[in-house]
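The structure file entry26.cif is reproduced below (mmCIF, C-alpha atoms and all ligand atoms).
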```cif
data_query
loop_
_atom_site.group_PDB
_atom_site.id
_atom_site.type_symbol
_atom_site.label_atom_id
_atom_site.label_comp_id
_atom_site.auth_asym_id
_atom_site.auth_seq_id
_atom_site.Cartn_x
_atom_site.Cartn_y
_atom_site.Cartn_z
ATOM 1 C CA MET A 177 -72.355 24.477 20.518
ATOM 2 C CA SER A 178 -70.653 22.806 17.577
ATOM 3 C CA PRO A 179 -68.192 19.933 18.213
ATOM 4 C CA THR A 180 -65.339 22.118 16.865
ATOM 5 C CA ALA A 181 -66.193 25.036 19.170
ATOM 6 C CA LEU A 182 -66.474 22.593 22.062
ATOM 7 C CA ALA A 183 -63.051 21.093 21.256
ATOM 8 C CA GLU A 184 -61.501 24.570 21.153
ATOM 9 C CA SER A 185 -63.100 25.695 24.415
ATOM 10 C CA GLU A 186 -61.155 25.904 27.607
ATOM 11 C CA ILE A 187 -62.912 24.547 30.679
ATOM 12 C CA MET A 188 -62.220 27.010 33.475
ATOM 13 C CA ARG A 189 -64.286 25.440 36.254
ATOM 14 C CA GLN A 190 -66.307 22.296 36.667
ATOM 15 C CA ALA A 191 -68.426 20.714 39.372
ATOM 16 C CA SER A 192 -70.287 17.426 39.585
ATOM 17 C CA TYR A 193 -73.734 17.935 41.026
ATOM 18 C CA THR A 194 -74.900 15.075 43.228
ATOM 19 C CA PHE A 195 -78.379 15.308 44.622
ATOM 20 C CA ARG A 196 -79.704 13.567 47.697
ATOM 21 C CA ALA A 197 -82.996 12.743 49.394
ATOM 22 C CA ARG A 198 -82.337 13.251 53.078
ATOM 23 C CA VAL A 199 -84.185 14.481 56.149
ATOM 24 C CA ALA A 200 -82.476 15.138 59.495
ATOM 25 C CA ARG A 201 -83.694 12.924 62.325
ATOM 26 C CA THR A 202 -83.873 15.793 64.830
ATOM 27 C CA TRP A 203 -84.474 19.438 63.951
ATOM 28 C CA ARG A 204 -84.132 20.931 67.408
ATOM 29 C CA ASN A 205 -81.627 20.610 70.196
ATOM 30 C CA GLY A 206 -82.462 23.086 72.939
ATOM 31 C CA GLN A 207 -82.045 26.531 71.480
ATOM 32 C CA VAL A 208 -80.526 25.290 68.221
ATOM 33 C CA PHE A 209 -82.807 24.638 65.228
ATOM 34 C CA LEU A 210 -82.026 23.191 61.812
ATOM 35 C CA ALA A 211 -83.614 24.808 58.765
ATOM 36 C CA GLY A 212 -83.175 24.706 54.995
ATOM 37 C CA ASP A 213 -80.715 22.286 53.411
ATOM 38 C CA ALA A 214 -79.238 21.562 56.843
ATOM 39 C CA ALA A 215 -82.569 19.898 57.737
ATOM 40 C CA HIS A 216 -83.550 18.409 54.377
ATOM 41 C CA GLN A 217 -82.083 17.911 50.922
ATOM 42 C CA THR A 218 -84.198 17.065 47.932
ATOM 43 C CA PRO A 219 -83.613 15.963 44.355
ATOM 44 C CA PRO A 220 -84.357 18.946 42.074
ATOM 45 C CA PHE A 221 -87.285 17.549 40.087
ATOM 46 C CA VAL A 222 -90.082 19.639 41.611
ATOM 47 C CA GLY A 223 -87.929 22.735 42.251
ATOM 48 C CA GLN A 224 -88.808 22.935 45.938
ATOM 49 C CA GLY A 225 -85.431 22.917 47.715
ATOM 50 C CA LEU A 226 -85.280 26.632 48.424
ATOM 51 C CA GLY A 227 -89.069 26.797 48.858
ATOM 52 C CA SER A 228 -88.897 24.213 51.646
ATOM 53 C CA GLY A 229 -86.189 26.224 53.395
ATOM 54 C CA LEU A 230 -88.258 29.404 53.177
ATOM 55 C CA ARG A 231 -91.251 27.549 54.616
ATOM 56 C CA ASP A 232 -89.021 26.468 57.522
ATOM 57 C CA ALA A 233 -88.103 30.099 58.148
ATOM 58 C CA PHE A 234 -91.733 31.284 57.985
ATOM 59 C CA ASN A 235 -92.808 28.478 60.285
ATOM 60 C CA LEU A 236 -90.118 29.061 62.893
ATOM 61 C CA THR A 237 -89.705 32.824 63.081
ATOM 62 C CA TRP A 238 -93.199 33.786 64.287
ATOM 63 C CA LYS A 239 -93.078 31.028 66.894
ATOM 64 C CA LEU A 240 -89.721 32.277 68.166
ATOM 65 C CA ALA A 241 -91.076 35.844 68.248
ATOM 66 C CA ASP A 242 -94.211 34.821 70.197
ATOM 67 C CA VAL A 243 -92.212 32.775 72.716
ATOM 68 C CA LEU A 244 -89.577 35.473 73.198
ATOM 69 C CA ASP A 245 -92.352 38.079 73.664
ATOM 70 C CA GLY A 246 -94.006 35.860 76.273
ATOM 71 C CA ALA A 247 -97.161 35.663 74.125
ATOM 72 C CA ALA A 248 -96.970 31.860 73.803
ATOM 73 C CA PRO A 249 -95.553 28.973 75.848
ATOM 74 C CA GLU A 250 -92.099 27.616 75.027
ATOM 75 C CA VAL A 251 -93.613 24.273 73.933
ATOM 76 C CA LEU A 252 -94.874 26.112 70.837
ATOM 77 C CA LEU A 253 -91.356 25.661 69.435
ATOM 78 C CA ASP A 254 -91.797 21.876 69.396
ATOM 79 C CA THR A 255 -94.431 22.282 66.677
ATOM 80 C CA TYR A 256 -91.706 23.495 64.295
ATOM 81 C CA GLU A 257 -90.301 20.004 63.730
ATOM 82 C CA SER A 258 -93.663 18.234 64.011
ATOM 83 C CA GLU A 259 -95.128 20.477 61.281
ATOM 84 C CA ARG A 260 -92.161 20.944 58.983
ATOM 85 C CA LYS A 261 -90.527 17.505 58.991
ATOM 86 C CA PRO A 262 -93.491 15.548 57.531
ATOM 87 C CA HIS A 263 -94.137 18.353 55.032
ATOM 88 C CA ALA A 264 -90.518 18.421 53.785
ATOM 89 C CA THR A 265 -90.489 14.601 53.673
ATOM 90 C CA ARG A 266 -93.619 14.523 51.484
ATOM 91 C CA ILE A 267 -92.060 16.973 49.028
ATOM 92 C CA ILE A 268 -88.881 14.888 48.829
ATOM 93 C CA LEU A 269 -90.924 11.740 48.159
ATOM 94 C CA MET A 270 -92.814 13.628 45.465
ATOM 95 C CA ALA A 271 -89.499 14.735 43.903
ATOM 96 C CA LEU A 272 -88.245 11.118 43.916
ATOM 97 C CA VAL A 273 -91.381 9.900 42.117
ATOM 98 C CA VAL A 274 -91.273 12.710 39.547
ATOM 99 C CA GLY A 275 -87.516 12.137 39.090
ATOM 100 C CA TRP A 276 -88.063 8.443 38.468
ATOM 101 C CA CYS A 277 -90.813 9.201 35.931
ATOM 102 C CA LEU A 278 -88.631 11.708 34.089
ATOM 103 C CA THR A 279 -85.210 10.071 34.192
ATOM 104 C CA GLY A 280 -85.462 6.498 35.496
ATOM 105 C CA GLY A 281 -84.102 3.818 33.141
ATOM 106 C CA GLN A 282 -82.633 4.035 29.664
ATOM 107 C CA ASP A 283 -84.563 1.240 27.935
ATOM 108 C CA ARG A 284 -87.456 1.547 25.461
ATOM 109 C CA LEU A 285 -90.033 1.044 28.168
ATOM 110 C CA ALA A 286 -88.587 4.001 30.104
ATOM 111 C CA SER A 287 -88.667 6.168 26.949
ATOM 112 C CA LEU A 288 -92.292 5.220 26.393
ATOM 113 C CA ARG A 289 -93.121 6.017 30.036
ATOM 114 C CA ARG A 290 -91.468 9.426 29.776
ATOM 115 C CA ALA A 291 -93.380 10.265 26.606
ATOM 116 C CA LEU A 292 -96.675 9.156 28.192
ATOM 117 C CA VAL A 293 -96.065 11.121 31.418
ATOM 118 C CA THR A 294 -95.126 14.258 29.459
ATOM 119 C CA ALA A 295 -98.235 13.973 27.277
ATOM 120 C CA ALA A 296 -100.506 13.258 30.249
ATOM 121 C CA CYS A 297 -99.218 16.305 32.155
ATOM 122 C CA ARG A 298 -100.262 18.500 29.224
ATOM 123 C CA ILE A 299 -103.915 17.462 29.645
ATOM 124 C CA PRO A 300 -105.432 20.220 31.837
ATOM 125 C CA ARG A 301 -107.704 17.894 33.836
ATOM 126 C CA ILE A 302 -104.791 15.607 34.723
ATOM 127 C CA ALA A 303 -102.422 18.504 35.455
ATOM 128 C CA HIS A 304 -105.080 20.042 37.719
ATOM 129 C CA ALA A 305 -105.542 16.771 39.624
ATOM 130 C CA LEU A 306 -101.813 16.422 40.393
ATOM 131 C CA PRO A 307 -100.920 17.067 44.036
ATOM 132 C CA ASP A 308 -99.968 20.628 44.916
ATOM 133 C CA ALA A 309 -96.197 21.051 45.246
ATOM 134 C CA SER A 310 -96.881 22.316 48.765
ATOM 135 C CA PRO A 311 -99.370 20.024 50.513
ATOM 136 C CA ALA A 312 -101.375 21.173 53.530
ATOM 137 C CA LEU A 313 -99.741 20.893 56.951
ATOM 138 C CA SER A 314 -100.992 17.870 58.894
ATOM 139 C CA ARG A 315 -103.526 18.368 61.680
ATOM 140 C CA GLY A 316 -101.965 19.197 65.049
ATOM 141 C CA PRO A 317 -102.016 21.703 67.890
ATOM 142 C CA LEU A 318 -101.820 24.588 65.426
ATOM 143 C CA VAL A 319 -103.963 23.150 62.628
ATOM 144 C CA GLN A 320 -107.538 22.443 63.665
ATOM 145 C CA ARG A 321 -108.071 18.724 64.119
ATOM 146 C CA ARG A 322 -111.559 18.703 65.619
ATOM 147 C CA GLY A 323 -114.817 20.255 64.520
ATOM 148 C CA PHE A 324 -115.160 21.664 61.021
ATOM 149 C CA GLN A 325 -112.600 20.037 58.715
ATOM 150 C CA SER A 326 -112.391 22.583 55.917
ATOM 151 C CA ARG A 327 -109.919 21.617 53.197
ATOM 152 C CA LEU A 328 -108.361 25.028 53.793
ATOM 153 C CA ASN A 329 -107.040 23.967 57.208
ATOM 154 C CA GLY A 330 -103.239 23.712 57.075
ATOM 155 C CA THR A 331 -102.957 25.421 53.673
ATOM 156 C CA VAL A 332 -101.403 28.794 52.950
ATOM 157 C CA PHE A 333 -104.160 31.389 52.471
ATOM 158 C CA PRO A 334 -104.372 33.132 49.051
ATOM 159 C CA GLN A 335 -102.340 36.307 48.697
ATOM 160 C CA PRO A 336 -104.004 38.632 46.150
ATOM 161 C CA TRP A 337 -103.169 42.217 45.279
ATOM 162 C CA VAL A 338 -105.874 44.418 46.784
ATOM 163 C CA ARG A 339 -106.875 47.881 45.543
ATOM 164 C CA THR A 340 -106.312 50.555 48.182
ATOM 165 C CA PRO A 341 -106.723 54.371 48.110
ATOM 166 C CA ASP A 342 -102.970 54.684 47.464
ATOM 167 C CA GLY A 343 -102.800 52.038 44.705
ATOM 168 C CA ALA A 344 -102.584 48.304 45.344
ATOM 169 C CA ARG A 345 -101.101 46.284 48.189
ATOM 170 C CA ARG A 346 -100.640 42.634 49.012
ATOM 171 C CA LEU A 347 -103.207 41.162 51.388
ATOM 172 C CA ASP A 348 -100.329 40.271 53.760
ATOM 173 C CA ASP A 349 -99.489 43.974 54.073
ATOM 174 C CA LEU A 350 -103.045 44.700 55.168
ATOM 175 C CA LEU A 351 -103.024 41.832 57.674
ATOM 176 C CA GLY A 352 -99.858 42.864 59.514
ATOM 177 C CA THR A 353 -97.644 40.333 61.245
ATOM 178 C CA GLY A 354 -99.867 38.635 63.831
ATOM 179 C CA TYR A 355 -102.846 36.272 63.781
ATOM 180 C CA ALA A 356 -105.842 37.415 61.723
ATOM 181 C CA LEU A 357 -109.505 36.582 61.372
ATOM 182 C CA ILE A 358 -110.906 36.509 57.844
ATOM 183 C CA THR A 359 -114.653 36.358 57.256
ATOM 184 C CA ARG A 360 -116.972 36.359 54.241
ATOM 185 C CA GLY A 361 -119.338 38.957 55.643
ATOM 186 C CA ARG A 362 -119.931 41.097 58.687
ATOM 187 C CA LEU A 363 -119.546 39.787 62.217
ATOM 188 C CA ARG A 364 -122.509 39.438 64.526
ATOM 189 C CA ASP A 365 -122.564 42.203 67.160
ATOM 190 C CA HIS A 366 -121.608 40.003 70.124
ATOM 191 C CA THR A 367 -118.791 38.358 68.099
ATOM 192 C CA ALA A 368 -117.485 41.796 67.123
ATOM 193 C CA THR A 369 -117.370 42.732 70.816
ATOM 194 C CA ARG A 370 -115.420 39.560 71.652
ATOM 195 C CA LEU A 371 -113.079 40.183 68.721
ATOM 196 C CA ALA A 372 -112.315 43.701 69.936
ATOM 197 C CA ALA A 373 -111.233 42.244 73.286
ATOM 198 C CA THR A 374 -108.711 39.913 71.591
ATOM 199 C CA GLY A 375 -107.053 42.640 69.510
ATOM 200 C CA LEU A 376 -107.058 40.306 66.480
ATOM 201 C CA THR A 377 -106.863 41.873 63.019
ATOM 202 C CA HIS A 378 -110.121 41.264 61.129
ATOM 203 C CA ILE A 379 -110.781 41.520 57.411
ATOM 204 C CA ASP A 380 -114.068 40.896 55.615
ATOM 205 C CA VAL A 381 -113.009 39.553 52.216
ATOM 206 C CA ASP A 382 -116.295 40.659 50.664
ATOM 207 C CA ASP A 383 -115.066 44.240 51.234
ATOM 208 C CA LEU A 384 -111.775 43.617 49.389
ATOM 209 C CA ALA A 385 -111.345 44.885 45.836
ATOM 210 C CA CYS A 386 -108.940 42.224 44.580
ATOM 211 C CA VAL A 387 -106.963 42.968 41.433
ATOM 212 C CA PRO A 388 -108.095 40.385 38.839
ATOM 213 C CA SER A 389 -105.495 37.676 38.247
ATOM 214 C CA THR A 390 -105.300 34.010 37.416
ATOM 215 C CA ASN A 391 -105.341 33.240 41.154
ATOM 216 C CA PRO A 392 -108.793 32.823 42.680
ATOM 217 C CA SER A 393 -109.885 35.490 45.158
ATOM 218 C CA PRO A 394 -109.964 34.597 48.881
ATOM 219 C CA SER A 395 -113.735 35.000 48.810
ATOM 220 C CA ALA A 396 -114.096 32.488 45.959
ATOM 221 C CA VAL A 397 -111.730 30.023 47.627
ATOM 222 C CA MET A 398 -113.618 30.183 50.930
ATOM 223 C CA ARG A 399 -117.002 29.878 49.209
ATOM 224 C CA SER A 400 -115.825 26.832 47.249
ATOM 225 C CA GLN A 401 -114.941 25.138 50.563
ATOM 226 C CA HIS A 402 -118.227 26.173 52.256
ATOM 227 C CA THR A 403 -116.156 28.152 54.748
ATOM 228 C CA TYR A 404 -117.436 31.378 56.324
ATOM 229 C CA ALA A 405 -114.374 32.320 58.354
ATOM 230 C CA VAL A 406 -110.756 31.305 58.879
ATOM 231 C CA LEU A 407 -108.240 32.010 61.618
ATOM 232 C CA LEU A 408 -104.831 32.687 60.059
ATOM 233 C CA ARG A 409 -101.560 32.145 61.865
ATOM 234 C CA PRO A 410 -98.806 34.737 61.461
ATOM 235 C CA ASP A 411 -97.272 32.577 58.702
ATOM 236 C CA ARG A 412 -100.642 32.851 56.868
ATOM 237 C CA VAL A 413 -101.407 29.154 57.281
ATOM 238 C CA VAL A 414 -105.094 28.499 58.017
ATOM 239 C CA MET A 415 -105.197 27.345 61.633
ATOM 240 C CA ALA A 416 -108.952 26.787 61.968
ATOM 241 C CA SER A 417 -112.138 27.390 60.010
ATOM 242 C CA ALA A 418 -115.793 28.074 60.698
ATOM 243 C CA ARG A 419 -118.652 26.986 58.478
ATOM 244 C CA THR A 420 -121.124 29.685 59.551
ATOM 245 C CA SER A 421 -121.118 33.137 61.142
ATOM 246 C CA GLY A 422 -122.473 31.510 64.295
ATOM 247 C CA ASP A 423 -119.268 29.440 64.622
ATOM 248 C CA VAL A 424 -116.804 32.361 64.518
ATOM 249 C CA GLY A 425 -116.702 32.415 68.335
ATOM 250 C CA ASP A 426 -114.954 29.003 68.189
ATOM 251 C CA LEU A 427 -112.105 30.591 66.220
ATOM 252 C CA LEU A 428 -111.711 33.357 68.790
ATOM 253 C CA ALA A 429 -111.621 30.727 71.526
ATOM 254 C CA ALA A 430 -108.946 28.769 69.614
ATOM 255 C CA TYR A 431 -106.843 31.926 69.300
ATOM 256 C CA GLN A 432 -107.154 32.705 73.010
ATOM 257 C CA ARG A 433 -106.201 29.143 73.971
ATOM 258 C CA VAL A 434 -102.993 29.164 71.947
ATOM 259 C CA HIS A 435 -101.961 32.371 73.661
ATOM 260 C CA ARG A 436 -102.341 31.324 77.233
ATOM 261 C CA THR A 437 -102.189 27.563 77.819
ATOM 262 C CA ASP A 438 -99.844 24.680 77.458
ATOM 263 C CA LEU A 439 -100.258 23.313 73.924
ATOM 264 C CA GLN A 440 -100.955 19.825 75.291
ATOM 265 C CA GLU A 441 -104.302 21.172 76.459
ATOM 266 C CA ILE A 442 -105.257 22.855 73.219
ATOM 267 C CA ALA A 443 -108.158 21.134 71.495
ATOM 268 C CA VAL A 444 -108.701 23.256 68.406
HETATM 269 C C1 LIG A 501 -77.887 23.124 40.877
HETATM 270 C C2 LIG A 501 -78.965 23.447 41.859
HETATM 271 C C3 LIG A 501 -80.221 23.879 41.381
HETATM 272 C C4 LIG A 501 -81.245 24.187 42.286
HETATM 273 N N1 LIG A 501 -82.465 24.613 41.815
HETATM 274 C C5 LIG A 501 -83.460 24.928 42.654
HETATM 275 C C6 LIG A 501 -84.728 25.392 42.192
HETATM 276 O O1 LIG A 501 -84.966 25.514 40.998
HETATM 277 N N2 LIG A 501 -85.686 25.691 43.107
HETATM 278 C C7 LIG A 501 -85.456 25.580 44.442
HETATM 279 O O2 LIG A 501 -86.380 25.890 45.230
HETATM 280 N N3 LIG A 501 -84.275 25.132 44.920
HETATM 281 C C8 LIG A 501 -83.273 24.819 44.059
HETATM 282 N N4 LIG A 501 -82.051 24.361 44.540
HETATM 283 C C9 LIG A 501 -81.899 24.170 45.983
HETATM 284 C C10 LIG A 501 -81.542 25.467 46.684
HETATM 285 O O3 LIG A 501 -80.445 26.104 46.073
HETATM 286 C C11 LIG A 501 -81.222 25.131 48.146
HETATM 287 O O4 LIG A 501 -82.276 24.371 48.704
HETATM 288 C C12 LIG A 501 -81.039 26.393 48.965
HETATM 289 O O5 LIG A 501 -79.998 27.185 48.455
HETATM 290 C C13 LIG A 501 -80.719 26.025 50.427
HETATM 291 O O6 LIG A 501 -80.550 27.214 51.151
HETATM 292 P P1 LIG A 501 -79.880 27.168 52.574
HETATM 293 O O7 LIG A 501 -79.805 28.590 53.016
HETATM 294 O O8 LIG A 501 -80.595 26.203 53.452
HETATM 295 O O9 LIG A 501 -78.442 26.548 52.383
HETATM 296 P P2 LIG A 501 -77.235 27.135 51.524
HETATM 297 O O10 LIG A 501 -77.742 27.899 50.318
HETATM 298 O O11 LIG A 501 -76.331 25.961 51.278
HETATM 299 O O12 LIG A 501 -76.571 28.189 52.479
HETATM 300 C C14 LIG A 501 -75.734 27.791 53.532
HETATM 301 C C15 LIG A 501 -74.673 28.863 53.689
HETATM 302 O O13 LIG A 501 -73.918 28.581 54.868
HETATM 303 C C16 LIG A 501 -72.583 28.795 54.582
HETATM 304 N N5 LIG A 501 -71.795 27.983 55.527
HETATM 305 C C17 LIG A 501 -71.585 26.653 55.535
HETATM 306 N N6 LIG A 501 -70.825 26.300 56.573
HETATM 307 C C18 LIG A 501 -70.561 27.425 57.265
HETATM 308 C C19 LIG A 501 -69.834 27.711 58.457
HETATM 309 N N7 LIG A 501 -69.214 26.741 59.147
HETATM 310 N N8 LIG A 501 -69.761 28.985 58.879
HETATM 311 C C20 LIG A 501 -70.395 29.989 58.208
HETATM 312 N N9 LIG A 501 -71.100 29.767 57.080
HETATM 313 C C21 LIG A 501 -71.173 28.514 56.594
HETATM 314 C C22 LIG A 501 -72.408 28.344 53.137
HETATM 315 O O14 LIG A 501 -71.256 28.929 52.556
HETATM 316 C C23 LIG A 501 -73.689 28.891 52.530
HETATM 317 O O15 LIG A 501 -73.550 30.228 52.092
HETATM 318 C C24 LIG A 501 -81.012 24.053 43.669
HETATM 319 C C25 LIG A 501 -79.761 23.623 44.144
HETATM 320 C C26 LIG A 501 -78.747 23.331 43.250
HETATM 321 C C27 LIG A 501 -77.397 22.900 43.778
#
```
Can the structure from this file be put into C-alpha cells for me?
Amino acid sequence: MSPTALAESEIMRQASYTFRARVARTWRNGQVFLAGDAAHQTPPFVGQGLGSGLRDAFNLTWKLADVLDGAAPEVLLDTYESERKPHATRIILMALVVGWCLTGGQDRLASLRRALVTAACRIPRIAHALPDASPALSRGPLVQRRGFQSRLNGTVFPQPWVRTPDGARRLDDLLGTGYALITRGRLRDHTATRLAATGLTHIDVDDLACVPSTNPSPSAVMRSQHTYAVLLRPDRVVMASARTSGDVGDLLAAYQRVHRTDLQEIAV
C-alpha cells in the first residue's frame, strides 16, 4: 500500500497481538480437564497452537470414552496430563528457539544469523534432520517402555489414502475407532486365534493398495524401523511394537492388560 493510500485509509478496528509461552501447572481437577489454549499457549513460530489443542482432544476423548464405557480403569485419565504436558512443553520450547532465530535482536549479527538460518533450512539434508514439529510421546503406561524400542513407539501412525472397491478411503476409516493391530504379513495360526478372542481390528499393510503420495506407505515406514507389527491406540499413536511375527503375542497381551488392570501394574 502506498504511503498516500495509507494516510487516506480509515482504521476501523485494531488489536495488538501479544504471544506467550505458558503451560498450566495442573491439567486435571477431578472431572474437569484443561485442553487447548487453556492448558498451553505458544508463540506462533512453528504454527502448532491449534495443532496442540487438537492433539489434546484426540488424547483425551478416547480415554474418556473407554472409562465411561467401563472398558478401562479410571486411572487411565491421569495419562492425559502425563502424556500431553511434556509434549506441549517441547513444542513451546521449539517455538521459542525458532522465534529467537527468526526475530531475536536487531543488530548486524542478528541479521547475519537470520540469513544463515534461512539459507541452512533450504538445504534438504539439514531441513530433513530438523526435529519433527510433533515429537513422539514419551514412554509411559500407554507407550511401550520395555522390550522392543522401535522408533515408531509414541508416534502417530501414517495415514494414507487406500484404494477400496468403492474408491479410496483413509486408513483411519478402515481401522474404526478402537485399538488396532497392524502387521506386515499374515499372522501365525495360533496368534490369529488369540486375536479373534480379543476382538481387535487387524490390518495387514502388505494387503493395502495405498494411493501414491509424497508420504511414505505404512509398510515402508515399518520396514525402515525393522518393525513387523504395531499396536495402535484409538488416537492412532503407536502404543507398542513387535520386531518379528513371533512377538505379536506380546502386543495382544499389552492390549489385554490395559483393558483390565490398574495402570500401575501395566508393564508394556
Ligand atoms: C494471530 C494468531 C495466529 C495463529 N496462527 C496459528 C497457526 O498458524 N497454526 C496454529 O496451529 N495455531 C495458530 N494460532 C493459535 C490458535 O488460534 C489457537 O491455539 C486455537 O484457536 C486455540 O483453540 P482453543 O479452542 O483452545 O481456544 P479458543 O480458540 O480461544 O476458544 C475458546 C473459546 O471459548 C470462548 N469462551 C471464553 N470464555 C468463555 C466463557 N466464560 N463461557 C463461554 N465461552 C467462553 C471464547 O469466546 C472462544 O470462542 C494462532 C493464534 C493467533 C491469535
Step by step, gather every atom of ligand LIG 501 (chain A) that the file lists, find the box along x, y and z that holds them, add 4 Å on each side, and finally give centre and edge lengths in Å to one decimal, as AutoDock Vina command-line options.
```
--center_x -77.8 --center_y 26.6 --center_z 50.0 --size_x 25.2 --size_y 15.3 --size_z 26.3
```
Handout entry: Option closest in space to A:Arg370, from A:Val274, A:Val293, A:Val424, A:Met188 [counting all atoms listed in the file]
Key =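 With all atoms listed in the file as the atom set, the closest residue is A:Val424.
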Practice task
Pick out the residues sitting within 9 Å of stretch 318-334 of chain A, and hand them over as an NGL selection string; count all atoms listed in the file, and ignore anything fewer than 4 positions along from it in its own chain.
Solution key: :A and (252 or 255 or 259 or 310-314 or 347 or 391-394 or 397-398 or 401-403 or 406 or 408-409 or 411-419 or 430 or 434 or 439 or 442-444)
Rows by chain and residue number, chain A within 10 Å of ligand LIG 501 (chain A), shortest pair, all atoms listed in the file, as CSV:
```
residue,atom,partner,partner_atom,distance
A:Ala191,CA,A:LIG501,C1,9.9
A:Ser192,CA,A:LIG501,C1,9.6
A:Tyr193,CA,A:LIG501,C1,6.6
A:Thr194,CA,A:LIG501,C27,8.2
A:Phe195,CA,A:LIG501,C27,7.7
A:Leu210,CA,A:LIG501,O8,9.0
A:Ala211,CA,A:LIG501,O8,6.3
A:Gly212,CA,A:LIG501,O8,3.4
A:Asp213,CA,A:LIG501,O8,3.9
A:Ala214,CA,A:LIG501,O8,5.9
A:Ala215,CA,A:LIG501,O8,7.9
A:His216,CA,A:LIG501,O4,8.3
A:Gln217,CA,A:LIG501,O4,6.8
A:Thr218,CA,A:LIG501,O4,7.6
A:Pro219,CA,A:LIG501,C24,8.5
A:Pro220,CA,A:LIG501,N1,6.0
A:Phe221,CA,A:LIG501,O1,8.3
A:Val222,CA,A:LIG501,N2,7.6
A:Gly223,CA,A:LIG501,N2,3.8
A:Gln224,CA,A:LIG501,O2,3.9
A:Gly225,CA,A:LIG501,O4,3.6
A:Leu226,CA,A:LIG501,O2,3.5
A:Gly227,CA,A:LIG501,O2,4.6
A:Ser228,CA,A:LIG501,O2,7.1
A:Gly229,CA,A:LIG501,O8,5.6
A:Leu230,CA,A:LIG501,O6,8.3
A:Asp232,CA,A:LIG501,O8,9.4
A:Ala233,CA,A:LIG501,O8,9.7
```
Problem - Output of the PyMOL selection byres (((chain A and resi 206) around 12) and not hetatm), listed as an MDAnalysis selection string - result: chainID A and resid 202:205 207:210 250:251 253:254
Problem - Separation of atom CA of A:Leu240 from atom CA of A:Leu407 in Å - result: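 Between these atoms lies a distance of 19.6 Å.
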